[in-house]
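What follows is the content of run16.tsv (TSV, C-alpha atoms).
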chain	number	residue	atom	x	y	z
A	1	MET	CA	120.74	107.04	148.74
A	2	LYS	CA	119.27	103.56	149.11
A	3	TYR	CA	115.60	102.74	148.60
A	4	VAL	CA	113.72	99.87	150.24
A	5	ILE	CA	110.13	98.72	149.81
A	6	LEU	CA	108.94	96.30	152.50
A	7	VAL	CA	105.64	94.58	151.61
A	8	GLY	CA	103.71	92.60	154.20
A	9	ASP	CA	101.45	90.68	151.83
A	10	GLY	CA	97.82	90.82	152.94
A	11	MET	CA	98.81	92.54	156.19
A	12	ALA	CA	95.79	94.90	156.29
A	13	ASP	CA	92.60	93.60	157.89
A	14	LEU	CA	89.32	94.52	159.56
A	15	PRO	CA	88.52	95.12	163.27
A	16	LEU	CA	87.98	91.89	165.18
A	17	ALA	CA	85.79	91.35	168.23
A	18	GLU	CA	88.38	88.87	169.56
A	19	LEU	CA	90.89	91.74	169.62
A	20	GLY	CA	88.57	94.27	171.25
A	21	GLY	CA	87.85	95.97	167.95
A	22	LYS	CA	91.48	96.13	166.89
A	23	THR	CA	92.92	94.68	163.70
A	24	PRO	CA	95.86	92.25	163.78
A	25	LEU	CA	98.04	95.11	162.54
A	26	SER	CA	97.00	97.50	165.32
A	27	ALA	CA	97.16	94.75	167.97
A	28	ALA	CA	100.67	93.58	167.05
A	29	GLU	CA	103.75	94.73	168.95
A	30	LYS	CA	105.83	96.33	166.21
A	31	PRO	CA	108.09	99.12	167.46
A	32	GLY	CA	109.88	99.48	164.13
A	33	MET	CA	106.72	100.02	162.12
A	34	ASP	CA	105.31	102.37	164.75
A	35	TYR	CA	108.55	104.39	164.78
A	36	ILE	CA	108.68	105.02	161.05
A	37	ALA	CA	104.96	105.87	161.09
A	38	SER	CA	105.64	108.47	163.79
A	39	LYS	CA	108.45	110.02	161.73
A	40	GLY	CA	107.26	109.48	158.16
A	41	GLN	CA	104.57	110.33	155.65
A	42	ASN	CA	101.41	108.27	156.14
A	43	GLY	CA	98.50	107.66	153.84
A	44	ARG	CA	96.36	105.18	151.96
A	45	VAL	CA	96.80	103.79	148.47
A	46	GLN	CA	94.51	101.96	146.06
A	47	THR	CA	96.79	99.26	144.67
A	48	VAL	CA	94.09	97.45	142.66
A	49	PRO	CA	92.35	99.50	139.94
A	50	GLU	CA	88.57	99.51	139.76
A	51	GLY	CA	87.25	96.51	137.89
A	52	MET	CA	90.35	94.37	138.46
A	53	VAL	CA	90.56	91.32	140.71
A	54	PRO	CA	92.51	92.00	143.94
A	55	GLU	CA	95.33	89.58	143.23
A	56	SER	CA	98.94	89.85	144.32
A	57	ASP	CA	100.25	90.21	140.77
A	58	THR	CA	98.06	93.25	140.18
A	59	ALA	CA	98.89	94.90	143.51
A	60	ASN	CA	102.62	94.24	143.46
A	61	LEU	CA	102.97	95.39	139.87
A	62	ALA	CA	101.41	98.68	140.99
A	63	ILE	CA	103.71	99.02	143.99
A	64	MET	CA	106.72	98.45	141.72
A	65	GLY	CA	105.53	101.30	139.54
A	66	TYR	CA	103.82	99.39	136.71
A	67	ASP	CA	100.23	100.25	135.81
A	68	PRO	CA	98.44	96.90	136.20
A	69	ARG	CA	95.84	97.93	133.63
A	70	LEU	CA	98.64	97.86	131.06
A	71	TYR	CA	100.92	95.11	132.34
A	72	SER	CA	98.82	92.58	134.28
A	73	LYS	CA	98.57	89.47	132.06
A	74	GLY	CA	97.79	86.93	134.80
A	75	ARG	CA	99.97	85.68	137.60
A	76	SER	CA	100.94	82.35	136.04
A	77	PRO	CA	103.23	83.74	133.30
A	78	LEU	CA	105.14	85.70	135.96
A	79	GLU	CA	105.53	82.56	138.05
A	80	ALA	CA	106.72	80.72	134.95
A	81	ALA	CA	109.44	83.35	134.48
A	82	SER	CA	110.59	82.77	138.05
A	83	ILE	CA	110.78	79.01	137.54
A	84	GLY	CA	112.92	79.65	134.45
A	85	ILE	CA	110.43	78.60	131.80
A	86	ALA	CA	110.99	80.17	128.39
A	87	MET	CA	107.47	80.67	127.04
A	88	GLY	CA	106.66	80.76	123.35
A	89	GLU	CA	104.12	83.08	121.76
A	90	ASP	CA	101.60	80.21	121.48
A	91	ASP	CA	102.10	79.07	125.09
A	92	THR	CA	99.69	79.72	127.95
A	93	ALA	CA	100.90	79.50	131.53
A	94	ILE	CA	98.32	78.27	134.05
A	95	ARG	CA	98.67	78.20	137.84
A	96	ALA	CA	98.30	74.62	139.08
A	97	ASN	CA	97.65	74.51	142.80
A	98	VAL	CA	97.77	71.19	144.60
A	99	VAL	CA	94.73	71.52	146.86
A	100	CYS	CA	92.99	69.48	149.52
A	101	LEU	CA	89.46	68.37	148.59
A	102	SER	CA	87.03	66.45	150.78
A	103	GLU	CA	86.97	62.69	150.18
A	104	GLU	CA	83.58	61.44	151.37
A	105	GLU	CA	81.61	62.52	148.29
A	106	GLU	CA	81.56	60.04	145.40
A	107	ARG	CA	81.28	62.55	142.56
A	108	TYR	CA	84.18	64.94	141.99
A	109	GLU	CA	81.93	67.97	141.54
A	110	ASP	CA	80.32	67.34	144.96
A	111	LYS	CA	83.63	67.59	146.80
A	112	ARG	CA	84.43	70.65	148.89
A	113	MET	CA	87.53	72.83	148.85
A	114	ILE	CA	89.13	72.12	152.22
A	115	ASP	CA	92.44	73.94	151.81
A	116	HIS	CA	93.89	75.82	148.83
A	117	SER	CA	97.43	75.16	150.13
A	118	ALA	CA	97.05	71.50	151.19
A	119	GLY	CA	98.29	72.34	154.65
A	120	GLU	CA	101.14	74.42	153.19
A	121	ILE	CA	102.68	71.28	151.77
A	122	SER	CA	106.46	71.28	151.50
A	123	THR	CA	108.06	71.86	148.13
A	124	GLU	CA	109.87	68.53	148.41
A	125	GLU	CA	106.61	66.59	148.81
A	126	ALA	CA	104.85	68.60	146.14
A	127	ASP	CA	107.68	68.00	143.69
A	128	LEU	CA	107.04	64.26	143.88
A	129	LEU	CA	103.35	64.85	143.18
A	130	ILE	CA	104.01	67.14	140.22
A	131	LYS	CA	106.49	64.67	138.76
A	132	SER	CA	103.80	61.99	138.90
A	133	VAL	CA	101.32	64.38	137.30
A	134	GLN	CA	103.78	65.10	134.49
A	135	GLU	CA	104.43	61.41	133.95
A	136	VAL	CA	100.72	60.61	133.61
A	137	PHE	CA	99.27	63.78	132.09
A	138	GLY	CA	102.21	65.52	130.43
A	139	ASN	CA	102.50	65.34	126.65
A	140	ASP	CA	103.77	67.24	123.62
A	141	PHE	CA	101.47	70.21	124.27
A	142	ARG	CA	101.20	70.19	128.08
A	143	THR	CA	104.08	70.28	130.59
A	144	PHE	CA	103.90	70.55	134.38
A	145	TYR	CA	106.58	72.34	136.42
A	146	THR	CA	107.20	72.35	140.17
A	147	GLY	CA	107.04	75.72	141.89
A	148	VAL	CA	107.06	76.43	145.65
A	149	SER	CA	104.90	74.62	148.21
A	150	TYR	CA	101.39	74.31	146.72
A	151	ARG	CA	102.01	76.74	143.82
A	152	HIS	CA	102.90	75.09	140.50
A	153	CYS	CA	102.61	75.73	136.80
A	154	VAL	CA	101.49	74.04	133.61
A	155	ILE	CA	102.51	75.35	130.19
A	156	TRP	CA	99.82	74.53	127.62
A	157	LYS	CA	100.59	75.03	123.94
A	158	ASP	CA	97.68	76.28	121.83
A	159	CYS	CA	95.53	76.25	124.94
A	160	PRO	CA	91.75	76.71	124.58
A	161	ASP	CA	90.69	80.06	125.97
A	162	PHE	CA	89.37	79.87	129.51
A	163	THR	CA	88.93	82.51	132.20
A	164	ASP	CA	86.21	81.19	134.47
A	165	PHE	CA	88.01	79.06	137.08
A	166	SER	CA	87.54	80.40	140.61
A	167	ARG	CA	90.53	81.24	142.76
A	168	PRO	CA	90.79	78.28	145.16
A	169	HIS	CA	91.35	80.48	148.21
A	170	ASP	CA	87.99	82.14	147.47
A	171	ILE	CA	85.92	78.95	147.77
A	172	ILE	CA	87.13	77.37	151.02
A	173	GLY	CA	84.44	75.06	152.39
A	174	ARG	CA	82.33	75.26	149.23
A	175	ARG	CA	81.18	72.60	146.78
A	176	ILE	CA	83.59	72.81	143.87
A	177	GLY	CA	80.96	71.90	141.27
A	178	ASP	CA	79.29	75.24	141.97
A	179	HIS	CA	82.48	76.87	140.76
A	180	ALA	CA	83.10	74.64	137.76
A	181	PRO	CA	83.71	76.19	134.33
A	182	VAL	CA	80.67	76.93	132.21
A	183	ASN	CA	82.15	77.44	128.75
A	184	PRO	CA	82.88	74.33	126.64
A	185	SER	CA	86.51	75.35	125.99
A	186	SER	CA	87.25	74.87	129.70
A	187	ALA	CA	86.11	71.25	129.73
A	188	PRO	CA	89.63	69.80	129.17
A	189	MET	CA	90.91	71.62	132.27
A	190	TRP	CA	88.05	70.37	134.43
A	191	GLU	CA	88.50	66.80	133.21
A	192	LEU	CA	92.23	67.05	133.95
A	193	GLN	CA	91.51	68.18	137.50
A	194	LYS	CA	89.04	65.32	137.93
A	195	ALA	CA	91.56	62.76	136.68
A	196	SER	CA	94.27	64.24	138.90
A	197	TYR	CA	92.19	63.42	141.99
A	198	ASP	CA	92.20	59.74	141.09
A	199	LEU	CA	95.99	59.85	140.77
A	200	LEU	CA	96.86	62.03	143.77
A	201	ASN	CA	94.41	60.94	146.46
A	202	THR	CA	96.14	57.56	146.85
A	203	HIS	CA	99.65	58.74	145.98
A	204	PRO	CA	102.27	57.51	148.52
A	205	VAL	CA	103.07	61.11	149.48
A	206	ASN	CA	99.46	61.74	150.40
A	207	LEU	CA	99.02	58.43	152.19
A	208	ALA	CA	102.03	59.34	154.31
A	209	ARG	CA	100.64	62.82	154.97
A	210	ALA	CA	97.28	61.39	156.03
A	211	ALA	CA	98.99	58.89	158.34
A	212	ALA	CA	100.85	61.80	159.95
A	213	GLY	CA	97.60	63.73	160.46
A	214	LYS	CA	98.31	66.19	157.66
A	215	ARG	CA	96.03	67.30	154.88
A	216	LYS	CA	96.35	65.60	151.52
A	217	ALA	CA	97.24	67.46	148.33
A	218	ASN	CA	94.77	65.32	146.42
A	219	SER	CA	93.81	67.38	143.37
A	220	LEU	CA	95.10	69.92	140.92
A	221	TRP	CA	93.27	73.22	140.64
A	222	LEU	CA	93.93	75.18	137.45
A	223	TRP	CA	93.42	78.95	137.31
A	224	SER	CA	94.79	82.37	136.25
A	225	PRO	CA	95.95	81.63	132.69
A	226	GLY	CA	98.10	84.12	130.81
A	227	LYS	CA	100.41	84.66	127.88
A	228	LYS	CA	104.12	85.52	127.82
A	229	PRO	CA	104.76	88.62	129.99
A	230	ALA	CA	106.74	91.72	129.07
A	231	LEU	CA	107.67	94.57	131.42
A	232	PRO	CA	109.77	97.66	130.76
A	233	SER	CA	113.17	97.56	132.47
A	234	PHE	CA	113.05	98.88	136.03
A	235	LYS	CA	116.56	100.29	135.65
A	236	GLU	CA	115.67	102.15	132.48
A	237	LYS	CA	112.50	103.39	134.17
A	238	THR	CA	114.18	104.63	137.36
A	239	GLY	CA	117.93	104.65	136.79
A	240	LEU	CA	118.37	102.33	139.76
A	241	GLU	CA	120.02	98.93	140.09
A	242	ALA	CA	117.34	96.82	141.75
A	243	SER	CA	116.86	93.49	143.51
A	244	VAL	CA	113.77	91.62	144.67
A	245	VAL	CA	113.88	89.45	147.81
A	246	CYS	CA	110.96	87.05	148.19
A	247	ALA	CA	109.87	83.46	148.62
A	248	VAL	CA	107.09	83.10	146.06
A	249	ASP	CA	107.52	82.66	142.33
A	250	LEU	CA	105.00	85.36	141.47
A	251	ILE	CA	106.98	88.23	143.01
A	252	ARG	CA	110.31	86.84	141.86
A	253	GLY	CA	108.86	86.54	138.36
A	254	ILE	CA	107.82	90.21	138.34
A	255	GLY	CA	111.35	91.12	139.34
A	256	ILE	CA	112.92	88.94	136.66
A	257	CYS	CA	110.62	90.31	133.96
A	258	ALA	CA	111.54	93.84	135.09
A	259	GLY	CA	115.25	93.07	134.85
A	260	MET	CA	115.88	93.01	138.60
A	261	LYS	CA	118.25	90.67	140.33
A	262	ALA	CA	116.27	87.94	142.08
A	263	PRO	CA	118.44	85.98	144.53
A	264	VAL	CA	117.09	82.91	146.29
A	265	THR	CA	116.97	82.95	150.10
A	266	GLU	CA	117.46	79.54	151.67
A	267	GLY	CA	114.58	78.62	153.96
A	268	ALA	CA	112.20	81.25	152.55
A	269	THR	CA	108.87	79.41	152.34
A	270	GLY	CA	106.14	82.01	151.92
A	271	ALA	CA	104.53	80.71	155.12
A	272	LEU	CA	104.63	81.73	158.78
A	273	ASP	CA	107.84	79.73	159.28
A	274	THR	CA	109.71	81.57	156.53
A	275	ASN	CA	113.32	82.64	157.00
A	276	TYR	CA	112.79	86.28	157.99
A	277	THR	CA	116.40	86.82	159.01
A	278	GLY	CA	117.58	85.21	155.80
A	279	LYS	CA	115.52	87.70	153.80
A	280	LEU	CA	117.04	90.57	155.78
A	281	ASN	CA	120.56	89.28	155.15
A	282	THR	CA	119.83	88.78	151.45
A	283	ALA	CA	118.54	92.35	151.16
A	284	ILE	CA	121.62	93.76	152.90
A	285	ARG	CA	123.92	91.68	150.73
A	286	GLU	CA	122.19	92.94	147.59
A	287	MET	CA	122.65	96.55	148.67
A	288	GLU	CA	126.30	95.98	149.53
A	289	ASN	CA	126.78	94.38	146.12
A	290	GLY	CA	125.52	97.43	144.28
A	291	SER	CA	121.74	97.47	144.33
A	292	ASP	CA	120.28	100.93	144.96
A	293	PHE	CA	116.75	99.59	145.39
A	294	VAL	CA	115.55	96.45	147.18
A	295	TYR	CA	111.99	95.12	147.17
A	296	ILE	CA	111.41	92.84	150.18
A	297	HIS	CA	108.20	90.82	150.03
A	298	VAL	CA	106.90	88.67	152.90
A	299	GLU	CA	103.98	86.36	152.11
A	300	ALA	CA	103.28	85.13	155.65
A	301	PRO	CA	100.49	87.56	156.73
A	302	ASP	CA	98.55	86.72	153.57
A	303	GLU	CA	98.75	82.98	154.19
A	304	CYS	CA	97.60	83.49	157.79
A	305	GLY	CA	94.66	85.53	156.51
A	306	HIS	CA	93.70	82.75	154.10
A	307	GLN	CA	93.85	80.26	156.97
A	308	GLY	CA	91.61	82.50	159.09
A	309	SER	CA	94.10	82.77	161.97
A	310	TYR	CA	94.40	86.20	163.52
A	311	ARG	CA	96.89	84.91	166.09
A	312	ASP	CA	99.25	83.67	163.39
A	313	LYS	CA	98.76	86.87	161.45
A	314	ILE	CA	99.79	88.93	164.46
A	315	GLU	CA	102.85	86.72	164.89
A	316	ALA	CA	103.79	87.15	161.23
A	317	ILE	CA	103.53	90.94	161.51
A	318	GLN	CA	105.60	90.93	164.69
A	319	ARG	CA	108.28	88.80	163.11
A	320	ILE	CA	108.49	91.07	160.07
A	321	ASP	CA	109.05	93.96	162.48
A	322	ARG	CA	111.42	92.18	164.85
A	323	GLU	CA	113.47	90.16	162.36
A	324	ILE	CA	113.48	92.37	159.26
A	325	LEU	CA	112.51	96.00	159.83
A	326	CYS	CA	114.18	96.77	163.19
A	327	PRO	CA	117.51	95.15	162.23
A	328	LEU	CA	117.35	96.94	158.86
A	329	LEU	CA	116.92	100.30	160.58
A	330	ASP	CA	119.88	99.44	162.84
A	331	TYR	CA	121.97	98.49	159.79
A	332	PHE	CA	121.38	101.86	158.13
A	333	LYS	CA	122.01	103.73	161.39
A	334	LYS	CA	125.37	102.03	161.91
A	335	LYS	CA	126.32	102.47	158.26
A	336	GLY	CA	125.38	106.14	158.29
A	337	GLU	CA	123.95	105.95	154.78
A	338	PRO	CA	120.79	107.91	153.89
A	339	PHE	CA	117.80	105.87	152.83
A	340	ARG	CA	114.10	106.02	152.12
A	341	LEU	CA	111.79	103.15	153.04
A	342	LEU	CA	108.22	102.39	151.99
A	343	LEU	CA	106.19	100.04	154.20
A	344	THR	CA	102.88	98.79	152.85
A	345	PRO	CA	100.61	95.79	152.41
A	346	ASP	CA	99.81	94.95	148.81
A	347	HIS	CA	96.11	94.33	149.58
A	348	PRO	CA	94.04	93.31	152.62
A	349	THR	CA	93.46	89.63	153.40
A	350	PRO	CA	90.97	89.80	156.29
A	351	VAL	CA	90.95	86.69	158.46
A	352	TYR	CA	87.14	86.53	158.52
A	353	VAL	CA	86.90	86.85	154.75
A	354	ARG	CA	89.88	84.54	154.14
A	355	THR	CA	90.61	86.06	150.77
A	356	HIS	CA	91.83	89.30	149.21
A	357	THR	CA	89.77	92.48	149.14
A	358	ARG	CA	90.22	95.60	147.04
A	359	ASP	CA	90.20	98.14	149.90
A	360	ALA	CA	92.91	100.80	150.02
A	361	VAL	CA	95.86	99.92	152.27
A	362	PRO	CA	97.87	102.03	154.75
A	363	PHE	CA	101.42	102.99	153.79
A	364	VAL	CA	104.24	105.00	155.28
A	365	VAL	CA	107.25	106.52	153.53
A	366	TYR	CA	110.19	107.15	155.86
A	367	ASP	CA	113.10	109.39	154.86
A	368	SER	CA	116.16	109.14	157.12
A	369	GLU	CA	117.19	112.68	156.11
A	370	ASN	CA	113.78	114.21	156.69
A	371	GLU	CA	112.24	112.87	159.89
A	372	GLN	CA	109.09	114.64	160.99
A	373	ASP	CA	106.63	114.26	163.82
A	374	SER	CA	103.58	112.91	162.04
A	375	GLY	CA	101.52	112.79	165.22
A	376	ILE	CA	100.89	109.09	164.54
A	377	ARG	CA	102.04	106.56	167.10
A	378	THR	CA	100.76	103.26	165.71
A	379	TYR	CA	101.11	102.02	162.16
A	380	CYS	CA	97.82	100.37	161.19
A	381	GLU	CA	94.81	100.81	158.96
A	382	GLN	CA	93.74	103.94	160.87
A	383	SER	CA	97.13	105.59	160.44
A	384	GLY	CA	96.49	105.58	156.72
A	385	PHE	CA	93.38	107.70	157.28
A	386	ASP	CA	95.07	109.89	159.88
A	387	GLY	CA	97.96	110.64	157.54
A	388	GLY	CA	95.53	112.38	155.22
A	389	LEU	CA	97.21	111.40	151.93
A	390	TYR	CA	95.29	109.24	149.47
A	391	LEU	CA	96.80	107.86	146.28
A	392	GLU	CA	94.23	106.67	143.77
A	393	LYS	CA	96.84	104.86	141.68
A	394	GLY	CA	99.17	102.30	143.22
A	395	GLU	CA	101.95	103.09	140.77
A	396	ASP	CA	102.20	106.60	142.28
A	397	LEU	CA	103.71	105.04	145.42
A	398	LEU	CA	107.05	104.57	143.68
A	399	LYS	CA	107.03	108.19	142.55
A	400	LEU	CA	106.41	109.25	146.15
A	401	LEU	CA	109.25	107.07	147.42
A	402	LEU	CA	111.75	108.23	144.79
A	403	GLN	CA	110.42	111.80	144.84
A	404	LYS	CA	110.36	112.09	141.09
A	405	ASP	CA	108.11	111.46	138.11
A	406	LEU	CA	108.69	108.28	136.15

Give the structure from the file, written as structure tokens.
Amino acid sequence: MKYVILVGDGMADLPLAELGGKTPLSAAEKPGMDYIASKGQNGRVQTVPEGMVPESDTANLAIMGYDPRLYSKGRSPLEAASIGIAMGEDDTAIRANVVCLSEEEERYEDKRMIDHSAGEISTEEADLLIKSVQEVFGNDFRTFYTGVSYRHCVIWKDCPDFTDFSRPHDIIGRRIGDHAPVNPSSAPMWELQKASYDLLNTHPVNLARAAAGKRKANSLWLWSPGKKPALPSFKEKTGLEASVVCAVDLIRGIGICAGMKAPVTEGATGALDTNYTGKLNTAIREMENGSDFVYIHVEAPDECGHQGSYRDKIEAIQRIDREILCPLLDYFKKKGEPFRLLLTPDHPTPVYVRTHTRDAVPFVVYDSENEQDSGIRTYCEQSGFDGGLYLEKGEDLLKLLLQKDL
């Protein structure tokens, strides 16, 4: 028996007037998702515990079977693990976005957050920016590392405690000074961001981007600090050899910390243009090389939600279905091997809200050896309600998929 979890990050949404009251998920053409919903077990799951921020680290930890209330230490340490950074006990990992801020205001605090992803800047361009940041601001206690696209990391030794930086994707269009830190220990981080603007706004990479009509990545934004992570082994927990297939460092870092194999898929970007077929092929290769369990994560719907584009979000959902799920179902059918598959978002990222929400998400568990007529014909937010099953704890999803207690 093989087990697959397919996560469409941020795929759940709210009804939109532009879609006649449908959500992007219900409006999308997705025969694969609709098929497994019609033959599987449908329900809703609360992936983010009450009182916790609806972030992808929290939600994906839960889906992988780890109680986020015990194991969520911030997303940055997990991303550091993916990059290959060996953290010490006195190190703090901090997410360092390269963001696009408005330029017309003279004072830094008066600038507005234009884009948390700087137009989904390429990793190659961002690497040049981070190298310049390290050259100017790096020192014996602070080191900057390149991640993927706009997502980077700084390791700060003996870092002052700070927890009050807003998530950049939550303050699009807003004056950043209204979201500045208030405790004195955060002052060094704010001053570093301010100095980074002076360096990055006129950096050759950004001048070239502006000339090409692209958004600049003209400031750092520091957030989500955390200490060295530690997760129990997934294999010891489940007895399964496991692999994680993803584009973003956060999810890969969770896999690495859980002892999973974490292969890199060429062309996987975390954006709408990601290599969907490459992820499919990587997942199949991992199973053929001995993995019993594969966790496939696709970031694209989430990024489209943050950008406020329901059209792109629909396209992302359709491509997940057409280029990953349908061919995966065909692969198992031809191979004749039994499998169970869980399809779920990690959290909603509604296009009108443009950030994550904590609402329960719809899931379906499909068992190739136990097809049933669920009476559901469309996988969407409503199918979660129609399925009748509600899981209060996200970590119970894995138990449902594996059909055993953990």

Excluding same-chain residues fewer than 6 positions from A:Cys326, what lies within 12 Å of it counting only C-alpha atoms, as number ranges by chain?
A: 6, 30-36, 276-277, 280, 318-320, 332-333

Counting only C-alpha atoms, give me one row per residue of stretch 291-323 of chain A with an atom at most 12 Å from an atom of stretch 250-259 of chain A, showing the shortest contact pair and its distance in Å to one decimal, sorted by chain then residue number, as CSV.
residue,atom,partner,partner_atom,distance
A:Phe293,CA,A:Gly255,CA,11.7
A:Val294,CA,A:Gly255,CA,10.4
A:Tyr295,CA,A:Gly255,CA,8.8
A:Ile296,CA,A:Ile251,CA,9.6
A:His297,CA,A:Ile251,CA,7.6
A:Val298,CA,A:Ile251,CA,9.9
A:Glu299,CA,A:Ile251,CA,9.8

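When only C-alpha atoms are used to measure the gap to A:Ile314, the shortest distance among A:Pro301, A:Met1, A:Lys216, A:Arg174 belongs to A:Pro301.
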
Near A:Val154, within 12 Å and counting all atoms listed in the file, which residues show up once chain neighbours fewer than 3 positions away are dropped, as a count of residues only?
41

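In this model, the gap between atom CA of A:Gln372 and atom CA of A:Asp330 comes to 18.7 Å.
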
Show me, as AutoDock Vina command-line options, the centre and edge lengths in Å to one decimal of the axis-aligned box that covers every listed atom of stretch 105-117 of chain A with 5 Å on each side.
--center_x 88.9 --center_y 67.9 --center_z 146.9 --size_x 27.1 --size_y 25.8 --size_z 20.7

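One distance worth recording is that between atom CA of A:Cys100 and atom CA of A:Thr58, which is 26.0 Å.
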
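The two atoms in question, atom CA of A:Thr269 and atom CA of A:Pro232, are spaced 28.3 Å apart.
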
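Nearest-residue note for A:Lys194: choosing from A:Lys111, A:Arg175, A:Lys73, A:Arg358, the minimum distance belongs to A:Lys111, counting only C-alpha atoms.
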
Compute the distance from (108.3, 79.8, 157.5) to each atom, counting all atoms listed in the file, keep the residues with any atom at most 10 Å away, and return them as a PyMOL selection string; use the coordinates of the file.
chain A and resi 120+247+267-276+299-300+316

Export of prior selection with C-alpha atoms as an mmCIF file, in the frame of the given file:
data_model
loop_
_atom_site.group_PDB
_atom_site.id
_atom_site.type_symbol
_atom_site.label_atom_id
_atom_site.label_comp_id
_atom_site.auth_asym_id
_atom_site.auth_seq_id
_atom_site.Cartn_x
_atom_site.Cartn_y
_atom_site.Cartn_z
ATOM 1 C CA GLU A 120 101.140 74.420 153.190
ATOM 2 C CA ALA A 247 109.870 83.460 148.620
ATOM 3 C CA GLY A 267 114.580 78.620 153.960
ATOM 4 C CA ALA A 268 112.200 81.250 152.550
ATOM 5 C CA THR A 269 108.870 79.410 152.340
ATOM 6 C CA GLY A 270 106.140 82.010 151.920
ATOM 7 C CA ALA A 271 104.530 80.710 155.120
ATOM 8 C CA LEU A 272 104.630 81.730 158.780
ATOM 9 C CA ASP A 273 107.840 79.730 159.280
ATOM 10 C CA THR A 274 109.710 81.570 156.530
ATOM 11 C CA ASN A 275 113.320 82.640 157.000
ATOM 12 C CA TYR A 276 112.790 86.280 157.990
ATOM 13 C CA GLU A 299 103.980 86.360 152.110
ATOM 14 C CA ALA A 300 103.280 85.130 155.650
ATOM 15 C CA ALA A 316 103.790 87.150 161.230
#

Among A:Met64, A:Thr349, A:Gly375, A:Leu70, A:Met52 is approached most closely, using all atoms listed in the file, by A:Leu70

When you count all atoms listed in the file, which of these residues is closest to A:Asp110: A:Glu236, A:Asp90, A:Asp178, A:Glu323?
A:Asp178
